[in-house]
file input25.cif (mmCIF, C-alpha atoms)
data_model
loop_
_atom_site.label_atom_id
_atom_site.label_comp_id
_atom_site.auth_asym_id
_atom_site.auth_seq_id
_atom_site.Cartn_x
_atom_site.Cartn_y
_atom_site.Cartn_z
CA MET A 283 -45.70 46.32 10.19
CA LYS A 284 -45.77 46.47 6.37
CA PRO A 285 -48.51 44.56 4.59
CA LEU A 286 -47.57 41.36 2.84
CA GLU A 287 -48.17 42.85 -0.63
CA GLU A 288 -45.39 45.41 -0.08
CA ILE A 289 -42.88 42.83 1.06
CA LEU A 290 -43.38 40.40 -1.82
CA PRO A 291 -41.85 41.31 -5.24
CA LYS A 292 -44.24 42.85 -7.75
CA ASP A 293 -43.15 40.59 -10.61
CA HIS A 294 -41.03 37.56 -11.26
CA GLU A 295 -38.06 39.50 -12.65
CA SER A 296 -36.53 40.25 -9.26
CA ILE A 297 -36.81 36.67 -8.03
CA GLN A 298 -33.50 34.84 -8.07
CA THR A 299 -33.85 31.48 -9.80
CA PHE A 300 -31.79 28.37 -9.11
CA LEU A 301 -30.03 28.91 -12.42
CA ASP A 302 -28.53 32.12 -11.05
CA LEU A 303 -26.97 30.38 -8.02
CA SER A 304 -23.39 29.14 -8.10
CA VAL A 305 -23.32 25.39 -7.64
CA GLU A 306 -20.28 23.90 -5.92
CA PRO A 307 -19.44 20.31 -6.82
CA ALA A 308 -20.27 17.84 -4.06
CA GLU A 309 -17.03 15.91 -4.70
CA PRO A 310 -13.51 17.20 -5.42
CA LYS A 311 -12.54 17.50 -9.05
CA GLY A 312 -10.99 14.33 -10.40
CA PHE A 313 -7.83 13.96 -12.44
CA ALA A 314 -7.69 13.64 -16.19
CA PRO A 315 -6.66 10.23 -17.59
CA GLU A 316 -3.32 11.61 -18.75
CA GLU A 317 -2.58 12.83 -15.18
CA MET A 318 -2.98 9.38 -13.62
CA VAL A 319 0.15 7.41 -12.72
CA ARG A 320 0.31 3.74 -13.69
CA CYS A 321 1.77 1.29 -11.18
CA ASP A 322 4.65 -0.80 -12.54
CA GLY A 323 3.56 -3.74 -10.39
CA CYS A 324 -0.20 -4.19 -10.90
CA LEU A 325 -0.51 -1.83 -13.91
CA ARG A 326 -3.44 0.02 -12.34
CA ALA A 327 -3.90 3.78 -12.59
CA ASN A 328 -3.44 5.87 -9.45
CA PRO A 329 -4.08 9.54 -8.64
CA PRO A 330 -0.91 11.66 -9.00
CA THR A 331 -1.23 12.65 -5.34
CA ARG A 332 -0.20 9.16 -4.18
CA VAL A 333 3.34 7.93 -3.51
CA THR A 334 2.48 4.24 -3.24
CA CYS A 335 -0.04 2.21 -5.24
CA LEU A 336 -3.56 2.29 -3.86
CA TYR A 337 -4.05 -1.38 -4.79
CA CYS A 338 -0.76 -3.24 -4.22
CA GLY A 339 1.28 -0.80 -2.10
CA GLN A 340 4.26 -0.67 -4.48
CA ALA A 341 6.12 2.63 -4.87
CA LEU A 342 4.83 4.64 -7.84
CA PRO A 343 7.10 6.27 -10.40
CA LEU A 344 7.28 9.98 -9.63
CA THR A 345 6.77 12.10 -12.73
CA GLU A 346 7.50 15.83 -12.72
CA ALA A 347 3.79 16.58 -12.38
CA ALA A 348 3.36 13.99 -9.63
CA LYS A 349 6.25 15.45 -7.60
CA ALA A 350 4.32 18.68 -7.15
CA LEU A 351 0.98 16.99 -6.36
CA ALA A 352 2.07 13.97 -4.29
CA ARG A 353 1.06 13.95 -0.63
CA PRO A 354 1.88 11.30 2.01
CA SER A 355 -1.16 9.21 2.96
CA LEU A 356 0.21 8.22 6.41
CA ARG A 357 -2.01 5.18 6.92
CA PRO A 358 -1.69 3.38 10.28
CA LEU A 359 0.72 0.44 10.08
CA GLU A 360 -0.13 -3.08 11.08
CA LYS A 361 1.67 -4.55 14.09
CA TRP A 362 3.83 -6.81 11.91
CA GLU A 363 4.89 -4.08 9.44
CA GLN A 364 8.35 -2.55 9.52
CA GLY A 365 8.20 1.19 8.99
CA TYR A 366 10.12 4.44 8.81
CA ASN A 367 9.89 7.19 11.42
CA ASN A 368 10.10 10.92 10.78
CA ILE A 369 11.80 12.46 13.84
CA LEU A 370 11.70 16.17 14.58
CA ILE A 371 15.02 17.98 15.03
CA PRO A 372 14.17 20.45 17.82
CA SER A 373 14.77 24.14 17.22
CA GLU A 374 14.46 27.24 19.36
CA ALA A 375 12.45 29.00 16.63
CA LEU A 376 8.89 27.68 16.39
CA PRO A 377 6.78 27.80 13.19
CA ASP A 378 4.20 30.59 13.03
CA ASP A 379 0.47 29.86 13.28
CA GLN A 380 -0.07 29.61 9.53
CA ALA A 381 2.85 27.24 9.06
CA MET A 382 1.64 25.18 12.03
CA VAL A 383 -1.73 24.67 10.31
CA HIS A 384 0.00 23.51 7.11
CA ILE A 385 2.21 21.13 9.13
CA ALA A 386 -0.80 19.70 10.97
CA ASN A 387 -2.65 19.09 7.69
CA LEU A 388 0.41 17.41 6.22
CA LEU A 389 0.80 15.13 9.24
CA HIS A 390 -2.95 14.42 9.55
CA LEU A 391 -2.84 15.60 13.17
CA GLU A 392 -4.70 18.19 15.21
CA ALA A 393 -3.04 21.62 15.21
CA ASP A 394 -2.89 21.79 19.02
CA VAL A 395 -1.14 18.40 19.17
CA VAL A 396 1.48 19.54 16.64
CA ALA A 397 1.96 22.79 18.55
CA ARG A 398 2.65 20.87 21.79
CA ILE A 399 5.14 18.59 20.01
CA PHE A 400 7.10 21.58 18.73
CA ALA A 401 6.82 23.39 22.08
CA ALA A 402 8.47 20.43 23.85
CA LYS A 403 11.68 21.14 21.85
CA LEU A 404 12.65 17.48 21.89
CA ALA A 405 13.38 14.88 19.23
CA LEU A 406 9.88 13.40 18.92
CA PRO A 407 8.23 11.36 16.13
CA LEU A 408 6.04 13.29 13.69
CA ALA A 409 4.95 10.40 11.46
CA ARG A 410 5.53 6.73 10.65
CA THR A 411 5.06 5.18 7.22
CA ALA A 412 5.51 1.79 5.58
CA ALA A 413 7.30 3.08 2.45
CA VAL A 414 10.64 4.89 2.44
CA GLU A 415 9.49 6.92 -0.58
CA GLU A 416 6.57 8.27 1.43
CA ILE A 417 8.68 9.24 4.45
CA GLU A 418 11.23 10.95 2.19
CA LEU A 419 8.42 12.89 0.49
CA LEU A 420 7.14 13.97 3.90
CA GLN A 421 10.63 15.05 4.89
CA ARG A 422 10.86 17.26 1.78
CA ARG A 423 7.43 18.77 2.37
CA LEU A 424 8.32 19.59 5.97
CA GLN A 425 11.63 21.07 4.89
CA ASP A 426 9.74 23.38 2.51
CA LEU A 427 7.84 24.59 5.59
CA GLY A 428 11.07 25.23 7.49
CA VAL A 429 11.00 22.07 9.62
CA GLU A 430 14.13 19.89 9.80
CA THR A 431 13.68 16.19 10.47
CA ILE A 432 15.59 12.91 10.23
CA VAL A 433 14.39 9.48 9.12
CA VAL A 434 14.93 6.49 11.41
CA ALA A 435 13.92 3.01 10.25
CA ASP A 436 12.35 0.49 12.59
CA LEU A 437 15.14 -1.91 11.62
CA ASP A 438 17.68 0.57 12.99
CA LEU A 439 15.89 0.49 16.35
CA GLY A 440 16.28 -3.31 16.45
CA LEU A 441 12.93 -3.87 18.15
CA ASP A 442 12.46 -7.46 16.94
CA ALA A 443 15.96 -8.55 15.93
CA SER A 444 17.59 -7.61 19.25
CA PRO A 445 15.01 -7.36 22.04
CA ILE A 446 16.03 -5.64 25.24
CA ARG A 447 17.39 -7.90 27.98
CA ARG A 448 15.42 -8.10 31.21
CA ALA A 449 17.52 -8.09 34.35
CA ARG A 450 16.67 -10.28 37.32
CA THR A 451 19.68 -9.67 39.57
CA MET A 452 22.38 -7.05 39.78
CA GLU A 453 25.67 -6.39 41.53
CA LEU A 454 26.69 -2.81 42.26
CA GLY A 455 30.47 -3.13 42.23
CA VAL A 456 33.09 -0.49 42.88
CA GLU A 457 34.13 -0.15 39.24
CA HIS A 458 31.37 -1.86 37.30
CA LEU A 459 27.72 -2.91 37.17
CA ALA A 460 27.03 -6.64 36.73
CA LEU A 461 23.65 -7.91 35.52
CA SER A 462 21.96 -11.27 34.94
CA ASP A 463 18.79 -11.89 32.94
CA LEU A 464 15.55 -13.52 34.13
CA ALA A 465 16.56 -17.00 32.97
CA GLY A 466 20.10 -16.71 34.30
CA LYS A 467 21.51 -17.57 30.86
CA GLU A 468 22.94 -14.17 29.96
CA GLN A 469 25.18 -11.96 32.03
CA GLY A 470 26.55 -8.52 31.35
CA SER A 471 29.05 -6.16 32.89
CA ILE A 472 29.28 -2.40 32.33
CA GLU A 473 31.94 -0.18 33.80
CA TRP A 474 30.43 2.82 35.51
CA ALA A 475 32.28 5.19 33.21
CA GLU A 476 30.76 3.36 30.21
CA VAL A 477 27.12 3.71 31.32
CA SER A 478 25.79 6.21 28.78
CA LEU A 479 22.02 6.41 29.25
CA LEU A 480 19.49 5.78 32.02
CA LEU A 481 15.76 6.01 31.30
CA VAL A 482 13.03 5.76 33.95
CA ALA A 483 9.37 5.20 33.08
CA ARG A 484 6.12 3.65 34.22
CA LEU A 485 4.57 0.88 32.14
CA LEU A 486 0.77 0.93 32.16
CA SER A 487 -1.37 -1.99 31.09
CA LYS A 488 -5.10 -2.64 31.08
CA ARG A 489 -6.92 -5.96 30.67
CA VAL A 490 -10.64 -6.04 29.92
CA GLU A 491 -12.52 -9.36 29.90
CA LEU A 492 -15.89 -9.27 28.13
CA LYS A 493 -18.62 -11.89 28.20
CA GLU A 494 -21.30 -11.61 25.53
CA LYS A 495 -24.57 -13.43 25.02
CA LYS A 496 -25.79 -13.92 21.48
CA ARG A 497 -29.27 -12.46 20.97
CA ASN A 498 -29.47 -13.28 17.27
CA ARG A 499 -27.10 -13.77 14.38
CA SER A 500 -26.11 -10.11 14.11
CA GLU A 501 -26.47 -8.79 17.66
CA SER A 502 -24.95 -9.66 21.00
CA GLU A 503 -25.35 -8.34 24.52
CA ILE A 504 -22.52 -7.77 27.00
CA VAL A 505 -23.53 -9.57 30.18
CA ASP A 506 -20.28 -9.24 32.14
CA ALA A 507 -17.12 -7.09 31.98
CA ARG A 508 -14.07 -7.11 34.20
CA GLU A 509 -11.20 -4.65 34.05
CA THR A 510 -7.80 -4.86 35.72
CA ASN A 511 -5.00 -2.29 35.56
CA ALA A 512 -1.29 -2.59 36.24
CA ASP A 513 1.37 0.05 36.82
CA GLU A 514 5.05 -0.94 36.91
CA ALA A 515 8.19 1.19 37.22
CA VAL A 516 11.08 0.29 34.90
CA LEU A 517 14.66 1.41 34.33
CA ASP A 518 16.51 1.01 31.02
CA ILE A 519 20.32 0.93 31.19
CA TYR A 520 22.57 1.38 28.14
CA GLY A 521 26.33 1.10 28.00
CA ARG A 522 28.43 2.62 25.23
CA GLY A 523 28.33 0.42 22.18
CA ASP A 524 25.50 -1.74 23.53
CA ALA A 525 22.32 -0.91 21.59
CA ARG A 526 20.28 -3.72 23.20
CA GLY A 527 20.39 -2.40 26.73
CA TRP A 528 19.05 -3.88 29.96
CA ARG A 529 15.61 -3.34 31.53
CA VAL A 530 14.94 -3.52 35.25
CA ALA A 531 11.23 -4.01 36.06
CA ALA A 532 10.26 -3.34 39.67
CA ASN A 533 7.83 -6.26 39.92
CA SER A 534 10.24 -8.94 38.68
CA PHE A 535 13.60 -7.84 40.07
CA ASP A 536 15.55 -9.16 43.03
CA PHE A 537 16.64 -6.13 45.06
CA SER A 538 19.13 -8.07 47.17
CA CYS A 539 21.90 -5.91 45.69
CA LEU A 540 20.69 -3.09 47.96
CA GLY A 541 21.86 -4.98 51.04
CA GLU A 542 20.77 -3.30 54.26
CA ARG A 543 18.93 -0.59 52.32
CA LYS A 544 16.42 -3.12 50.99
CA SER A 545 12.90 -2.60 52.34
CA LEU A 546 9.63 -4.51 52.07
CA ILE A 547 8.12 -2.07 49.56
CA ALA A 548 9.04 -2.51 45.89
CA GLY A 549 8.56 1.17 45.12
CA GLU A 550 11.08 2.24 47.76
CA ASN A 551 13.56 -0.38 46.59
CA PHE A 552 13.24 0.75 42.98
CA ALA A 553 13.81 4.41 43.91
CA ALA A 554 16.88 3.47 45.96
CA LEU A 555 18.26 1.37 43.10
CA VAL A 556 17.82 4.17 40.55
CA ALA A 557 19.47 6.67 42.90
CA GLY A 558 22.40 4.32 43.55
CA ILE A 559 23.03 3.66 39.85
CA HIS A 560 22.65 7.34 38.94
CA GLU A 561 25.13 8.31 41.63
CA ARG A 562 27.77 5.83 40.45
CA ALA A 563 27.23 6.50 36.73
CA GLY A 564 27.79 10.23 36.97
CA GLY A 565 28.58 10.65 33.28
CA ALA A 566 25.39 9.03 32.03
CA THR A 567 22.46 10.95 30.57
CA PHE A 568 19.42 10.61 32.83
CA ASP A 569 15.94 10.74 31.25
CA ASP A 570 12.73 10.47 33.28
CA GLY A 571 10.49 12.43 30.90
CA PHE A 572 8.65 9.57 29.19
CA ASN A 573 5.66 9.71 31.52
CA THR A 574 4.94 13.34 30.58
CA LEU A 575 5.60 12.76 26.87
CA ARG A 576 3.25 9.81 26.36
CA SER A 577 0.41 11.98 25.04
CA LEU A 578 2.77 13.43 22.40
CA LEU A 579 3.98 9.97 21.33
CA GLU A 580 0.50 8.46 21.14
CA PRO A 581 -0.55 9.91 17.72
CA VAL A 582 2.46 8.32 15.97
CA TRP A 583 3.46 5.50 18.34
CA PRO A 584 0.16 4.44 19.96
CA ALA A 585 -0.12 2.03 22.85
CA GLU A 586 -0.45 -1.57 21.66
CA GLN A 587 -3.83 -3.27 21.85
CA ARG A 588 -4.44 -6.99 21.48
CA ILE A 589 -7.81 -8.75 21.24
CA HIS A 590 -8.02 -12.44 22.09
CA ALA A 591 -11.23 -14.44 21.69
CA THR A 592 -11.88 -16.94 24.49
CA GLY A 593 -14.35 -18.99 22.43
CA TRP A 594 -17.85 -20.35 23.06
CA ARG A 595 -19.06 -21.27 26.54
CA ARG A 596 -22.21 -23.03 27.70
CA ASP A 597 -23.93 -21.32 30.64
CA TRP A 598 -26.99 -22.15 32.72
CA PHE A 599 -30.09 -23.52 31.01
CA GLY A 600 -28.21 -24.25 27.81
CA LYS A 601 -27.43 -20.61 27.04
CA ILE A 602 -24.40 -19.98 24.83
CA SER A 603 -22.01 -17.08 25.45
CA THR A 604 -18.76 -15.90 23.94
CA GLY A 605 -15.95 -13.88 25.36
CA GLU A 606 -12.87 -11.89 24.47
CA VAL A 607 -9.94 -10.33 26.29
CA VAL A 608 -8.68 -6.87 25.27
CA THR A 609 -5.19 -6.01 26.51
CA THR A 610 -3.63 -2.56 26.16
CA THR A 611 -0.01 -1.74 27.09
CA ASN A 612 2.39 1.13 26.49
CA GLU A 613 5.54 -1.04 26.80
CA PRO A 614 6.23 -1.15 23.00
CA GLN A 615 5.79 2.61 22.97
CA PHE A 616 8.41 3.07 25.68
CA THR A 617 10.77 0.60 24.01
CA ARG A 618 10.67 2.67 20.80
CA TYR A 619 11.33 5.83 22.79
CA SER A 620 14.15 4.15 24.68
CA ARG A 621 15.92 2.81 21.58
CA LEU A 622 15.50 6.12 19.73
CA SER A 623 16.96 8.04 22.69
CA TYR A 624 20.03 5.78 22.74
CA GLN A 625 20.53 6.06 18.98
CA LEU A 626 20.27 9.87 18.99
CA LEU A 627 22.61 10.10 21.98
CA THR A 628 25.16 7.87 20.24
CA GLN A 629 24.99 9.93 17.04
CA SER A 630 25.41 13.21 18.92
CA ARG A 631 28.51 11.93 20.75
CA SER A 632 30.10 10.62 17.52
CA LYS A 633 29.98 14.05 15.83
#
call {"tool": "encode", "arguments": {"input": "input25.cif", "output": "structure tokens"}}
result
Amino acid sequence: MKPLEEILPKDHESIQTFLDLSVEPAEPKGFAPEEMVRCDGCLRANPPTRVTCLYCGQALPLTEAAKALARPSLRPLEKWEQGYNNILIPSEALPDDQAMVHIANLLHLEADVVARIFAAKLALPLARTAAVEEIELLQRRLQDLGVETIVVADLDLGLDASPIRRARTMELGVEHLALSDLAGKEQGSIEWAEVSLLLVARLLSKRVELKEKKRNRSESEIVDARETNADEAVLDIYGRGDARGWRVAANSFDFSCLGERKSLIAGENFAALVAGIHERAGGATFDDGFNTLRSLLEPVWPAEQRIHATGWRRDWFGKISTGEVVTTTNEPQFTRYSRLSYQLLTQSRSK
């Protein structure tokens, strides 16, 4: 082993000082004042990379410089917000690895998730935004990367304006299918030749009840938690020209229409009903792929979660506790998928 004197430099000239080191800025370089874009609504300056105002959400004027720098922010939408969906047009040719990384960065998604979406070769959502200007910008950026998409507005899916009807009873006639809703106030009839789309799925829901005991003003302790799960099979039925559709839920449907084939098990009755309708509506498109596609829909159309506070409660010995109920369901997710499938099918048949 060499002595320490031989290892250490003989003078200070060969020692690298901090002044010789390249220093990288800790934060990204900002934009010059003349590059900022002023909002016409609140008159505040925004970075040229934004499409909508950072402060009031209004669409920003796109200058020539901003068109090259603008990037979609893709913030998660609130439950009450109406948005715009960017839907992938499937293609046999998949983007290469480098393009896939650029697409993933643009969509703010993991590269493996994007790769699985493209590998499915189905019309699946890539993003959802609140502003039409932002979704159009995203569409242009994706097109530059060789990815073709279409834009579908939430209003076009009619999720709130025309909710899907829930069937309670049904009559399997020779020439038509007759349905009645849960309240018995609305009836519908679809000729078998006019049944265009059948979608089968499982609706999953979870309910968690939490009971907390206040330890001090800022901390609380969970003293009790209860979790219940539900799993229900459903069938969506669409006739030509009927964008609302009908939903048959296994747990709230009267299977008397099966006659002698009706059993005591709801699962068997539901399977027999789906088979009977599918057999009679031979020209309808049958889709049972939602259950396997849920993980690909989740990044853009996540399952809905609701939190409900149950208020203060007085327990033993004057102790005060609070509680809340957290409910998670994928029914809104399936409804979006169902309405989109019908709309795309209708557009393809009209061409």
call {"tool": "resolve_selection", "arguments": {"input": "input25.cif", "expression": "the PyMOL selection byres ((chain A and resi 524) around 10)", "output": "MDAnalysis selection string"}}
result
chainID A and resid 472 476:478 519:523 525:528 624
call {"tool": "atom_distance", "arguments": {"input": "input25.cif", "atom1": "atom CA of Cys324 of chain A", "atom2": "atom CA of Trp362 of chain A"}}
result
23.3 Å
call {"tool": "resolve_selection", "arguments": {"input": "input25.cif", "expression": "the PyMOL selection byres ((chain A and resi 320) around 12)", "output": "list in words"}}
result
Pro315, Glu316, Glu317, Met318, Val319, Cys321, Asp322, Gly323, Cys324, Leu325, Arg326, Ala327, Asn328, Pro329, Pro330, Arg332, Val333, Thr334, Cys335, Leu336, Tyr337, Cys338, Gln340, Ala341, Leu342, Pro343, Leu344, Thr345 and Ala348 of chain A
call {"tool": "resolve_selection", "arguments": {"input": "input25.cif", "expression": "the PyMOL selection byres ((chain A and resi 465) around 12)", "output": "PyMOL selection string"}}
result
chain A and resi 447-451+461-464+466-469+534-535
call {"tool": "closest_residue", "arguments": {"input": "input25.cif", "among": "A:Ile559, A:Met452, A:Leu517, A:Val582", "to": "His390 of chain A", "atoms": "all atoms listed in the file"}}
result
A:Val582
call {"tool": "residues_near_point", "arguments": {"input": "input25.cif", "point": "(14.0, 26.2, 21.2)", "cutoff": "9 Å", "atoms": "only C-alpha atoms", "output": "list in words"}}
result
Pro372, Ser373, Glu374, Ala375, Leu376, Phe400, Ala401, Ala402, Lys403 and Leu404 of chain A
